[in-house]
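Peer 1: File structure_5.csv below, CSV, C-alpha atoms:
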```
chain,number,residue,atom,x,y,z
A,1199,MET,CA,16.1,-15.0,23.1
A,1200,GLU,CA,18.7,-16.9,21.2
A,1201,THR,CA,19.0,-16.4,17.5
A,1202,GLU,CA,18.4,-20.1,17.0
A,1203,GLN,CA,15.1,-19.7,18.8
A,1204,LEU,CA,14.1,-16.7,16.8
A,1205,ILE,CA,14.9,-18.5,13.6
A,1206,ARG,CA,12.6,-21.4,14.6
A,1207,THR,CA,9.9,-18.9,15.5
A,1208,LEU,CA,10.1,-17.2,12.2
A,1209,ALA,CA,10.0,-20.5,10.3
A,1210,ALA,CA,6.8,-21.4,12.3
A,1211,ASP,CA,5.3,-18.2,10.9
A,1212,ASN,CA,6.3,-19.0,7.3
A,1213,ALA,CA,2.6,-19.7,6.4
A,1214,HIS,CA,1.7,-16.1,6.8
A,1215,ARG,CA,1.5,-14.3,3.5
A,1216,SER,CA,1.5,-10.5,3.3
A,1217,ARG,CA,-0.3,-8.8,0.5
A,1218,PRO,CA,1.9,-7.4,-2.3
A,1219,VAL,CA,2.7,-3.7,-1.8
A,1220,GLY,CA,1.0,-2.8,-5.1
A,1221,LEU,CA,-2.3,-4.3,-3.9
A,1222,VAL,CA,-2.2,-2.6,-0.6
A,1223,LEU,CA,-1.3,0.7,-2.3
A,1224,THR,CA,-4.2,0.3,-4.8
A,1225,LEU,CA,-6.7,-0.5,-2.1
A,1226,ALA,CA,-5.6,2.3,0.1
A,1227,LEU,CA,-5.8,4.9,-2.8
A,1228,LEU,CA,-9.2,3.6,-3.8
A,1229,SER,CA,-10.6,4.0,-0.4
A,1230,ALA,CA,-9.2,7.5,0.0
A,1231,ALA,CA,-10.3,8.7,-3.5
A,1232,PRO,CA,-13.9,9.3,-2.5
A,1233,VAL,CA,-12.8,11.6,0.3
A,1234,SER,CA,-10.9,13.8,-2.2
A,1235,VAL,CA,-13.7,13.7,-4.7
A,1236,ALA,CA,-16.1,14.8,-1.9
A,1237,ILE,CA,-13.8,17.7,-1.1
A,1238,PHE,CA,-13.8,18.6,-4.8
A,1239,PHE,CA,-17.5,18.6,-5.2
A,1240,ALA,CA,-18.2,20.3,-1.9
A,1241,GLY,CA,-15.7,23.1,-2.5
A,1242,LEU,CA,-15.0,23.4,-6.2
A,1243,GLY,CA,-17.0,21.5,-8.7
A,1244,VAL,CA,-16.4,21.2,-12.4
A,1245,ARG,CA,-16.2,24.5,-14.3
A,1246,PRO,CA,-19.5,25.4,-16.0
A,1247,ASP,CA,-18.0,25.8,-19.5
A,1248,VAL,CA,-16.5,22.3,-19.5
A,1249,MET,CA,-18.2,21.2,-22.7
A,1250,THR,CA,-16.5,24.1,-24.6
A,1251,ALA,CA,-13.3,23.8,-22.8
A,1252,MET,CA,-12.9,20.2,-23.9
A,1253,HIS,CA,-12.3,21.5,-27.5
A,1254,ASN,CA,-9.2,23.3,-26.2
A,1255,PRO,CA,-6.2,21.0,-26.4
A,1256,PHE,CA,-4.5,22.9,-23.6
A,1257,PHE,CA,-7.4,22.0,-21.3
A,1258,ASP,CA,-7.2,18.4,-22.2
A,1259,MET,CA,-3.5,18.3,-21.8
A,1260,LYS,CA,-3.8,19.3,-18.2
A,1261,PHE,CA,-5.3,15.9,-17.5
A,1262,VAL,CA,-2.6,14.1,-19.5
A,1263,VAL,CA,0.1,15.9,-17.5
A,1264,THR,CA,-1.4,15.4,-14.1
A,1265,LEU,CA,-2.2,11.8,-14.8
A,1266,ALA,CA,1.3,11.2,-16.1
A,1267,MET,CA,2.6,12.5,-12.8
A,1268,ALA,CA,0.3,10.3,-10.8
A,1269,ILE,CA,1.1,7.2,-12.9
A,1270,SER,CA,4.8,7.7,-12.9
A,1271,GLY,CA,4.6,8.4,-9.2
A,1272,VAL,CA,2.9,5.1,-8.6
A,1273,ALA,CA,5.4,3.2,-10.7
A,1274,VAL,CA,8.4,4.8,-9.0
A,1275,SER,CA,7.1,4.5,-5.5
A,1276,LEU,CA,6.3,0.8,-6.0
A,1277,HIS,CA,9.8,0.3,-7.4
A,1278,LEU,CA,11.3,2.1,-4.3
A,1279,SER,CA,9.3,0.0,-1.9
A,1280,ARG,CA,11.9,-2.8,-2.5
A,1281,PRO,CA,14.9,-2.4,-0.2
A,1282,GLU,CA,17.5,-2.9,-2.9
A,1283,ALA,CA,16.0,-0.4,-5.3
A,1284,SER,CA,17.3,3.1,-6.0
A,1285,LEU,CA,16.1,5.9,-8.2
A,1286,ARG,CA,18.7,5.1,-10.8
A,1287,GLY,CA,17.0,4.1,-14.1
A,1288,TRP,CA,13.6,5.1,-12.7
A,1289,GLY,CA,13.9,8.8,-11.8
A,1290,TRP,CA,13.5,9.8,-15.5
A,1291,LEU,CA,9.9,8.6,-15.3
A,1292,LEU,CA,9.1,11.6,-13.1
A,1293,LEU,CA,10.4,13.9,-15.8
A,1294,ILE,CA,7.8,12.8,-18.3
A,1295,PRO,CA,5.1,15.3,-17.1
A,1296,ALA,CA,7.8,18.1,-17.0
A,1297,GLY,CA,8.8,17.2,-20.6
A,1298,MET,CA,5.2,17.3,-21.7
A,1299,LEU,CA,4.7,20.8,-20.1
A,1300,ALA,CA,7.9,22.0,-21.8
A,1301,LEU,CA,6.6,20.9,-25.2
A,1302,GLU,CA,3.2,22.5,-24.5
A,1303,ILE,CA,4.8,25.8,-23.5
A,1304,GLY,CA,6.8,25.7,-26.7
A,1305,SER,CA,3.7,25.2,-28.8
A,1306,GLU,CA,1.7,27.8,-27.0
A,1307,MET,CA,4.5,30.3,-27.7
A,1308,MET,CA,4.2,29.7,-31.4
A,1309,MET,CA,0.5,30.4,-31.4
A,1310,PRO,CA,-1.0,33.9,-31.5
A,1311,GLN,CA,-2.3,34.7,-28.0
A,1312,ARG,CA,-4.9,37.2,-26.8
A,1313,LEU,CA,-3.2,37.6,-23.4
A,1314,PRO,CA,0.4,38.5,-22.6
A,1315,MET,CA,2.6,35.8,-21.2
A,1316,MET,CA,2.7,37.0,-17.6
A,1317,THR,CA,-1.1,37.3,-17.5
A,1318,ARG,CA,-1.4,33.7,-18.7
A,1319,LEU,CA,1.2,32.6,-16.1
A,1320,ILE,CA,-0.4,34.4,-13.2
A,1321,GLY,CA,-3.9,33.4,-14.3
A,1322,SER,CA,-6.8,34.1,-12.0
A,1323,ASN,CA,-6.9,30.9,-9.8
A,1324,SER,CA,-3.4,30.6,-8.4
A,1325,ARG,CA,-4.5,30.9,-4.8
A,1326,THR,CA,-7.3,28.3,-5.2
A,1327,CYS,CA,-4.9,26.1,-7.1
A,1328,MET,CA,-2.3,26.2,-4.3
A,1329,THR,CA,-4.9,25.5,-1.6
A,1330,ALA,CA,-7.1,23.0,-3.3
A,1331,ILE,CA,-4.4,20.7,-4.7
A,1332,PRO,CA,-2.6,20.1,-1.4
A,1333,LEU,CA,-6.0,19.8,0.5
A,1334,MET,CA,-7.3,17.2,-1.9
A,1335,SER,CA,-3.9,15.5,-1.9
A,1336,LEU,CA,-3.9,14.9,1.9
A,1337,PRO,CA,-6.3,11.9,2.1
A,1338,LEU,CA,-4.5,10.4,-0.9
A,1339,LEU,CA,-1.1,11.0,0.6
A,1340,VAL,CA,-2.1,9.3,3.8
A,1341,ALA,CA,-3.4,6.3,1.7
A,1342,ALA,CA,-0.2,6.2,-0.3
A,1343,LEU,CA,2.0,6.2,2.8
A,1344,ILE,CA,-0.1,3.5,4.4
A,1345,GLY,CA,0.3,1.5,1.2
A,1346,LEU,CA,4.0,2.0,1.0
A,1347,ARG,CA,4.4,1.2,4.7
A,1348,SER,CA,3.9,-2.5,3.7
A,1349,GLY,CA,7.0,-2.2,1.6
A,1350,ALA,CA,10.6,-1.7,2.7
A,1351,PRO,CA,12.0,1.5,1.1
A,1352,ALA,CA,15.7,2.0,1.7
A,1353,ARG,CA,15.3,5.7,1.7
A,1354,PRO,CA,12.0,6.6,3.4
A,1355,ALA,CA,12.1,10.3,2.8
A,1356,VAL,CA,12.5,9.8,-1.0
A,1357,ALA,CA,9.7,7.3,-1.1
A,1358,GLY,CA,7.6,9.7,0.9
A,1359,ALA,CA,8.3,12.5,-1.5
A,1360,ILE,CA,7.3,10.4,-4.4
A,1361,ALA,CA,4.1,9.4,-2.6
A,1362,GLY,CA,3.5,13.1,-2.3
A,1363,LEU,CA,3.9,13.6,-6.0
A,1364,LEU,CA,1.6,10.8,-6.9
A,1365,SER,CA,-1.1,12.1,-4.6
A,1366,ALA,CA,-0.6,15.6,-5.9
A,1367,GLY,CA,-0.9,14.2,-9.4
A,1368,LEU,CA,-4.3,12.6,-8.6
A,1369,ALA,CA,-5.6,15.7,-6.8
A,1370,ALA,CA,-4.4,18.0,-9.6
A,1371,THR,CA,-6.4,15.8,-12.0
A,1372,LEU,CA,-9.5,16.6,-10.1
A,1373,TYR,CA,-8.6,20.3,-9.8
A,1374,ALA,CA,-7.8,20.6,-13.5
A,1375,SER,CA,-11.5,20.2,-14.3
A,1376,HIS,CA,-12.4,23.1,-12.1
A,1377,CYS,CA,-9.7,25.5,-13.0
A,1378,THR,CA,-10.3,27.9,-15.9
A,1379,ASP,CA,-6.6,28.6,-16.4
A,1380,ASP,CA,-5.5,26.3,-19.1
A,1381,SER,CA,-2.2,27.8,-20.1
A,1382,PRO,CA,0.7,25.4,-19.7
A,1383,LEU,CA,2.6,28.4,-18.1
A,1384,PHE,CA,0.0,28.4,-15.3
A,1385,VAL,CA,0.2,24.7,-14.9
A,1386,ALA,CA,4.0,24.6,-14.9
A,1387,THR,CA,4.1,27.3,-12.2
A,1388,TRP,CA,1.2,26.8,-9.8
A,1389,TYR,CA,0.6,23.1,-10.1
A,1390,THR,CA,4.3,22.5,-9.6
A,1391,ILE,CA,4.4,24.7,-6.5
A,1392,ALA,CA,1.4,22.8,-5.1
A,1393,ALA,CA,3.0,19.4,-6.0
A,1394,ALA,CA,6.3,20.4,-4.4
A,1395,LEU,CA,4.5,21.4,-1.2
A,1396,VAL,CA,2.8,18.0,-1.0
A,1397,ALA,CA,6.1,16.2,-1.9
A,1398,THR,CA,7.8,18.0,1.0
A,1399,ILE,CA,5.1,17.0,3.4
A,1400,GLY,CA,5.4,13.4,2.0
A,1401,ALA,CA,9.2,13.5,2.6
A,1402,LEU,CA,8.9,14.7,6.1
A,1403,VAL,CA,6.2,12.3,7.1
A,1404,GLY,CA,7.7,9.5,5.1
A,1405,SER,CA,11.1,9.7,6.8
A,1406,ARG,CA,9.3,8.8,10.0
A,1407,VAL,CA,6.6,6.4,9.0
A,1408,LEU,CA,8.2,4.5,6.1
A,1409,ARG,CA,11.2,3.2,8.1
A,1410,PHE,CA,10.9,-0.5,8.5
B,1497,MET,CA,30.0,-17.1,-3.0
B,1498,ARG,CA,28.1,-17.2,-6.3
B,1499,GLU,CA,27.0,-20.8,-5.6
B,1500,THR,CA,26.0,-20.1,-2.1
B,1501,GLU,CA,23.9,-17.1,-3.2
B,1502,ASP,CA,22.2,-19.3,-5.9
B,1503,GLU,CA,21.4,-21.8,-3.2
B,1504,TRP,CA,19.9,-19.0,-1.0
B,1505,THR,CA,17.7,-17.9,-3.9
B,1506,GLY,CA,16.5,-21.5,-4.4
B,1507,LEU,CA,15.7,-21.9,-0.7
B,1508,MET,CA,13.8,-18.6,-0.6
B,1509,ARG,CA,11.7,-19.7,-3.6
B,1510,LEU,CA,10.9,-22.9,-1.8
B,1511,ALA,CA,10.1,-20.9,1.4
B,1512,ILE,CA,7.7,-18.6,-0.4
B,1513,SER,CA,5.9,-21.6,-1.9
B,1514,GLY,CA,5.3,-22.8,1.6
B,1515,ASP,CA,8.3,-25.0,2.5
B,1516,SER,CA,9.0,-24.0,6.1
B,1517,ALA,CA,11.9,-26.4,6.4
B,1518,ALA,CA,13.6,-24.7,3.5
B,1519,TYR,CA,12.9,-21.3,5.1
B,1520,HIS,CA,14.5,-22.5,8.4
B,1521,ARG,CA,17.5,-23.8,6.5
B,1522,LEU,CA,17.9,-20.5,4.7
B,1523,LEU,CA,17.7,-18.4,7.8
B,1524,LYS,CA,20.3,-20.6,9.5
B,1525,ALA,CA,22.5,-20.3,6.4
B,1526,VAL,CA,22.5,-16.5,6.2
B,1527,THR,CA,22.9,-15.9,9.9
B,1528,PRO,CA,26.7,-16.3,10.1
B,1529,VAL,CA,27.1,-14.0,7.1
B,1530,LEU,CA,24.9,-11.4,8.7
B,1531,ARG,CA,26.7,-11.8,12.0
B,1532,ALA,CA,30.1,-11.2,10.3
B,1533,GLY,CA,28.7,-8.2,8.5
B,1534,ALA,CA,27.2,-6.7,11.6
B,1535,ARG,CA,30.5,-7.1,13.4
B,1536,ARG,CA,32.4,-5.5,10.6
B,1537,GLY,CA,30.0,-2.6,10.6
B,1538,LEU,CA,30.0,-2.1,14.4
B,1539,ALA,CA,33.8,-2.4,14.6
B,1540,ARG,CA,34.1,0.2,11.8
B,1541,ALA,CA,31.9,2.6,13.7
B,1542,GLY,CA,33.9,2.1,16.9
B,1543,GLN,CA,31.1,0.2,18.6
B,1544,PRO,CA,31.5,-2.9,20.7
B,1545,VAL,CA,31.0,-5.9,18.5
B,1546,ASP,CA,29.3,-7.9,21.2
B,1547,GLN,CA,26.1,-6.0,20.2
B,1548,SER,CA,26.1,-7.7,16.9
B,1549,GLU,CA,23.6,-10.4,17.9
B,1550,ASP,CA,20.9,-7.8,18.5
B,1551,VAL,CA,21.6,-6.4,15.0
B,1552,VAL,CA,21.4,-9.9,13.5
B,1553,GLN,CA,18.1,-10.6,15.2
B,1554,ASP,CA,16.7,-7.2,14.0
B,1555,ILE,CA,17.8,-8.1,10.4
B,1556,LEU,CA,16.2,-11.5,10.6
B,1557,LEU,CA,12.9,-10.1,11.8
B,1558,ALA,CA,12.9,-7.5,9.0
B,1559,VAL,CA,13.7,-10.2,6.5
B,1560,HIS,CA,10.8,-12.2,7.7
B,1561,LEU,CA,8.2,-9.4,7.8
B,1562,LYS,CA,9.3,-7.8,4.5
B,1563,ARG,CA,9.9,-10.9,2.4
B,1564,HIS,CA,6.9,-10.2,0.2
B,1565,THR,CA,9.0,-7.3,-1.2
B,1566,TRP,CA,11.5,-9.8,-2.6
B,1567,ASP,CA,11.0,-10.4,-6.3
B,1568,ALA,CA,11.2,-14.2,-6.8
B,1569,ASN,CA,12.8,-13.7,-10.2
B,1570,ALA,CA,15.7,-11.7,-8.7
B,1571,PRO,CA,18.7,-13.1,-6.8
B,1572,PHE,CA,18.1,-13.2,-3.0
B,1573,ALA,CA,21.5,-11.9,-1.8
B,1574,PRO,CA,21.2,-8.2,-2.9
B,1575,TRP,CA,17.8,-8.0,-1.3
B,1576,LEU,CA,19.0,-9.5,1.9
B,1577,PHE,CA,22.1,-7.3,2.1
B,1578,ALA,CA,20.0,-4.2,1.4
B,1579,ILE,CA,17.8,-5.1,4.4
B,1580,ALA,CA,20.9,-5.9,6.5
B,1581,ARG,CA,22.5,-2.6,5.7
B,1582,ASN,CA,19.4,-0.7,6.5
B,1583,LYS,CA,19.1,-2.4,9.9
B,1584,LEU,CA,22.8,-1.9,10.7
B,1585,ILE,CA,22.5,1.8,9.9
B,1586,ASP,CA,19.4,1.9,12.2
B,1587,ALA,CA,21.2,0.2,15.0
B,1588,LEU,CA,24.2,2.6,14.8
B,1589,ARG,CA,21.9,5.7,14.6
B,1590,ARG,CA,20.1,4.5,17.7
B,1591,ARG,CA,23.4,4.5,19.4
B,1592,GLY,CA,23.9,8.1,18.3
B,1593,ARG,CA,26.4,7.4,15.5
B,1594,ARG,CA,26.3,9.2,12.3
B,1595,VAL,CA,27.6,6.6,10.0
B,1596,PHE,CA,28.5,5.6,6.6
B,1597,VAL,CA,28.0,1.9,6.3
B,1598,ASN,CA,30.3,0.3,3.9
B,1599,ILE,CA,28.3,-1.2,1.0
B,1600,ASP,CA,30.5,-4.3,1.3
B,1601,ASP,CA,30.1,-5.0,5.0
B,1602,PHE,CA,27.6,-7.7,4.2
B,1603,ALA,CA,28.5,-8.6,0.6
B,1604,GLU,CA,32.1,-9.5,1.3
B,1605,THR,CA,32.9,-13.1,1.1
B,1606,ILE,CA,31.5,-15.5,3.5
B,1607,PRO,CA,33.7,-15.7,6.6
B,1608,SER,CA,36.0,-18.7,6.5
B,1609,GLU,CA,35.2,-19.5,10.1
B,1610,PRO,CA,31.5,-18.9,10.8
B,1611,ALA,CA,31.3,-16.3,13.6
B,1612,ALA,CA,29.8,-17.9,16.6
B,1613,GLU,CA,27.3,-16.1,18.8
B,1614,THR,CA,29.2,-14.1,21.4
B,1615,ALA,CA,27.2,-12.0,23.8
B,1616,PRO,CA,23.5,-13.1,23.7
B,1617,ALA,CA,21.0,-10.7,22.3
B,1618,SER,CA,18.9,-8.9,24.8
B,1619,GLU,CA,16.7,-6.4,23.0
B,1620,ILE,CA,14.0,-8.9,21.7
B,1621,SER,CA,13.7,-10.6,25.1
B,1622,ALA,CA,13.3,-7.2,26.8
B,1623,GLN,CA,10.6,-6.1,24.3
B,1624,LEU,CA,8.8,-9.4,24.5
B,1625,GLN,CA,7.7,-8.5,28.0
B,1626,SER,CA,5.8,-5.5,26.8
B,1627,LEU,CA,3.7,-7.4,24.3
B,1628,PRO,CA,0.0,-8.0,24.9
B,1629,ALA,CA,-0.3,-11.2,27.1
B,1630,ARG,CA,-1.7,-13.4,24.4
B,1631,GLN,CA,0.9,-12.6,21.8
B,1632,ARG,CA,3.7,-12.8,24.4
B,1633,ASP,CA,2.5,-16.2,25.6
B,1634,VAL,CA,2.3,-17.6,22.1
B,1635,VAL,CA,5.7,-16.2,21.0
B,1636,GLN,CA,7.3,-17.4,24.2
B,1637,SER,CA,5.8,-20.9,23.9
B,1638,ILE,CA,7.1,-21.3,20.3
B,1639,ALA,CA,10.4,-19.6,20.7
B,1640,VAL,CA,11.5,-20.4,24.2
B,1641,ASP,CA,9.6,-23.6,25.0
B,1642,SER,CA,10.1,-24.9,21.4
B,1643,ALA,CA,6.4,-25.9,21.3
B,1644,SER,CA,4.8,-26.5,17.9
B,1645,ILE,CA,1.8,-24.4,16.8
B,1646,LYS,CA,-0.4,-27.4,17.6
B,1647,ASP,CA,0.9,-27.9,21.1
B,1648,THR,CA,0.7,-24.2,21.7
B,1649,ALA,CA,-2.9,-24.2,20.6
B,1650,ALA,CA,-3.7,-27.0,23.0
B,1651,LYS,CA,-1.8,-25.4,25.9
B,1652,PHE,CA,-3.7,-22.1,25.7
B,1653,ALA,CA,-7.0,-23.6,24.5
B,1654,MET,CA,-6.8,-21.7,21.3
B,1655,THR,CA,-7.5,-22.7,17.7
B,1656,GLU,CA,-4.4,-23.2,15.6
B,1657,GLY,CA,-5.5,-20.3,13.4
B,1658,ALA,CA,-5.7,-18.1,16.4
B,1659,VAL,CA,-2.2,-19.1,17.4
B,1660,ARG,CA,-0.9,-18.3,14.0
B,1661,VAL,CA,-2.5,-14.9,14.1
B,1662,ALA,CA,-1.1,-14.2,17.5
B,1663,LEU,CA,2.3,-15.4,16.5
B,1664,HIS,CA,2.4,-13.1,13.4
B,1665,ARG,CA,1.1,-10.1,15.3
B,1666,GLY,CA,3.5,-10.7,18.1
B,1667,LEU,CA,6.5,-10.7,15.6
B,1668,ALA,CA,5.2,-7.6,13.9
B,1669,SER,CA,4.7,-5.7,17.2
B,1670,LEU,CA,8.1,-6.8,18.4
B,1671,THR,CA,9.6,-5.2,15.3
B,1672,ALA,CA,7.6,-2.1,15.8
B,1673,LYS,CA,8.8,-1.8,19.4
B,1674,LEU,CA,12.4,-2.4,18.4
B,1675,ARG,CA,12.1,0.4,15.8
B,1676,GLU,CA,10.6,2.8,18.3
B,1677,GLN,CA,13.3,2.4,20.9
```
Using structure tokens, write down the structure from this file.
Peer 2:
Amino acid sequence: METEQLIRTLAADNAHRSRPVGLVLTLALLSAAPVSVAIFFAGLGVRPDVMTAMHNPFFDMKFVVTLAMAISGVAVSLHLSRPEASLRGWGWLLLIPAGMLALEIGSEMMMPQRLPMMTRLIGSNSRTCMTAIPLMSLPLLVAALIGLRSGAPARPAVAGAIAGLLSAGLAATLYASHCTDDSPLFVATWYTIAAALVATIGALVGSRVLRF
Amino acid sequence: MRETEDEWTGLMRLAISGDSAAYHRLLKAVTPVLRAGARRGLARAGQPVDQSEDVVQDILLAVHLKRHTWDANAPFAPWLFAIARNKLIDALRRRGRRVFVNIDDFAETIPSEPAAETAPASEISAQLQSLPARQRDVVQSIAVDSASIKDTAAKFAMTEGAVRVALHRGLASLTAKLREQ
């Protein structure tokens, strides 16, 4: 086919409008969310003392941190879905949840504690945490990758990794209401490992499926 | 260069608002620039430049299918060149080259003498044969036989809407097949 013919054909298809990436991503995440929520209620459920726990600011902060990760992940991955975009000027958004955790750890250090530091860090749910977060992330990761496929990321592996972070953020938000370990040391360790795992999966899959 | 790029941005805005003639004009205007950039990139990687037309067509398809990722408030050229670089890198990788594409392969000034088509592109035509019959017939009718959507609809006893759908799907699956090669 000659290029001139191709151009004429593309012009004939000009009426076709694709949905904006943000919309596709939102719809995909919304349809995957019930799956993750179902996994959550089938396997974990909200912790029984949730009404008391809500008075503990470290419990509440878990949601702020995980949601911050999900939201910054959505913002950065939407930015990266444009071919001319790079992480420059946007990557710092991903550091917001890390910064929050650092501040939390600092303030926890200044308070009198019943348990020693290593006990708080190791907690009692690390294994559940590292299984449940990736597991609940998977449907969301698939959705995020489907959403971003409608975009045109210049670096598919990076975009896939961010998709992993955003789905881990959402899954961790669910998980946080189950977990009785509220210390920011626990969150900074195990949630981070779980999120890194999902980000790695996202990068591996993304480098294949996000190429355009 | 500046002026040309502003003109492209204007044309693309018109195209997005539904002006197919402006879109046609834009694609025609960017093609020589893409061709020159593709040749520069292929030459730098030690590849025969007569493959440049396949790269150009690959870029045009991607521009078409991803144009919703262009921000209408941003200039068009950086977006276009980002797509072009991506496709050039793809093409070189497919040929087994580990390459570093010069950022300026495409952004350099417009060639003084517009590069003419040398060797005809062959990849799209080859992939066209592997499309589902309906999509292939519609794409062929519009591309090769220069039929309008209306005439194509009459020829295959389809509605115009069905022709449009088949055309878009055909272009999308062509792109997918080119990527999978």
Peer 1: Could you list, as a PyMOL selection string, every residue within 12 Å of Ile1645 of chain B, counting all atoms listed in the file and ignoring same-chain residues fewer than 2 positions away?
Peer 2: (chain A and resi 1206-1213) or (chain B and resi 1634-1639+1641-1643+1647-1664)
Peer 1: Tell me the residues of chain A close to chain B, meaning within 8 Å using all atoms listed in the file, as number ranges by chain.
Peer 2: A: 1199-1219, 1279-1282, 1348-1350, 1352, 1410
Peer 1: State, in Å with one decimal place, the distance from atom CA of Ala1251 of chain A to atom CA of Ala1268 of chain A.
Peer 2: 22.6 Å
Peer 1: Using all atoms listed in the file, which of the listed residues (B:Pro1544, B:Leu1674, B:Asp1601, B:Leu1510) sits closest to Val1529 of chain B?
Peer 2: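 Of the candidates, the smallest distance to Val1529 of chain B is held by B:Asp1601.
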Peer 1: Out of A:Ala1401, A:Leu1293, A:Met1252, A:Met1267, which residue has the shortest atom-to-atom distance to Ser1365 of chain A when counting all atoms listed in the file?
Peer 2: A:Met1267
Peer 1: I need the residue nearest Asp1554 of chain B from this list: B:Ala1541, B:Ala1570, B:Pro1528, B:Leu1584. Use all atoms listed in the file for the distance.
Peer 2: B:Leu1584
Peer 1: Which is closer to Ala1525 of chain B than all the others in B:Ala1629, B:Ala1568, B:Val1551, B:Leu1507, using only C-alpha atoms?
Peer 2: B:Leu1507
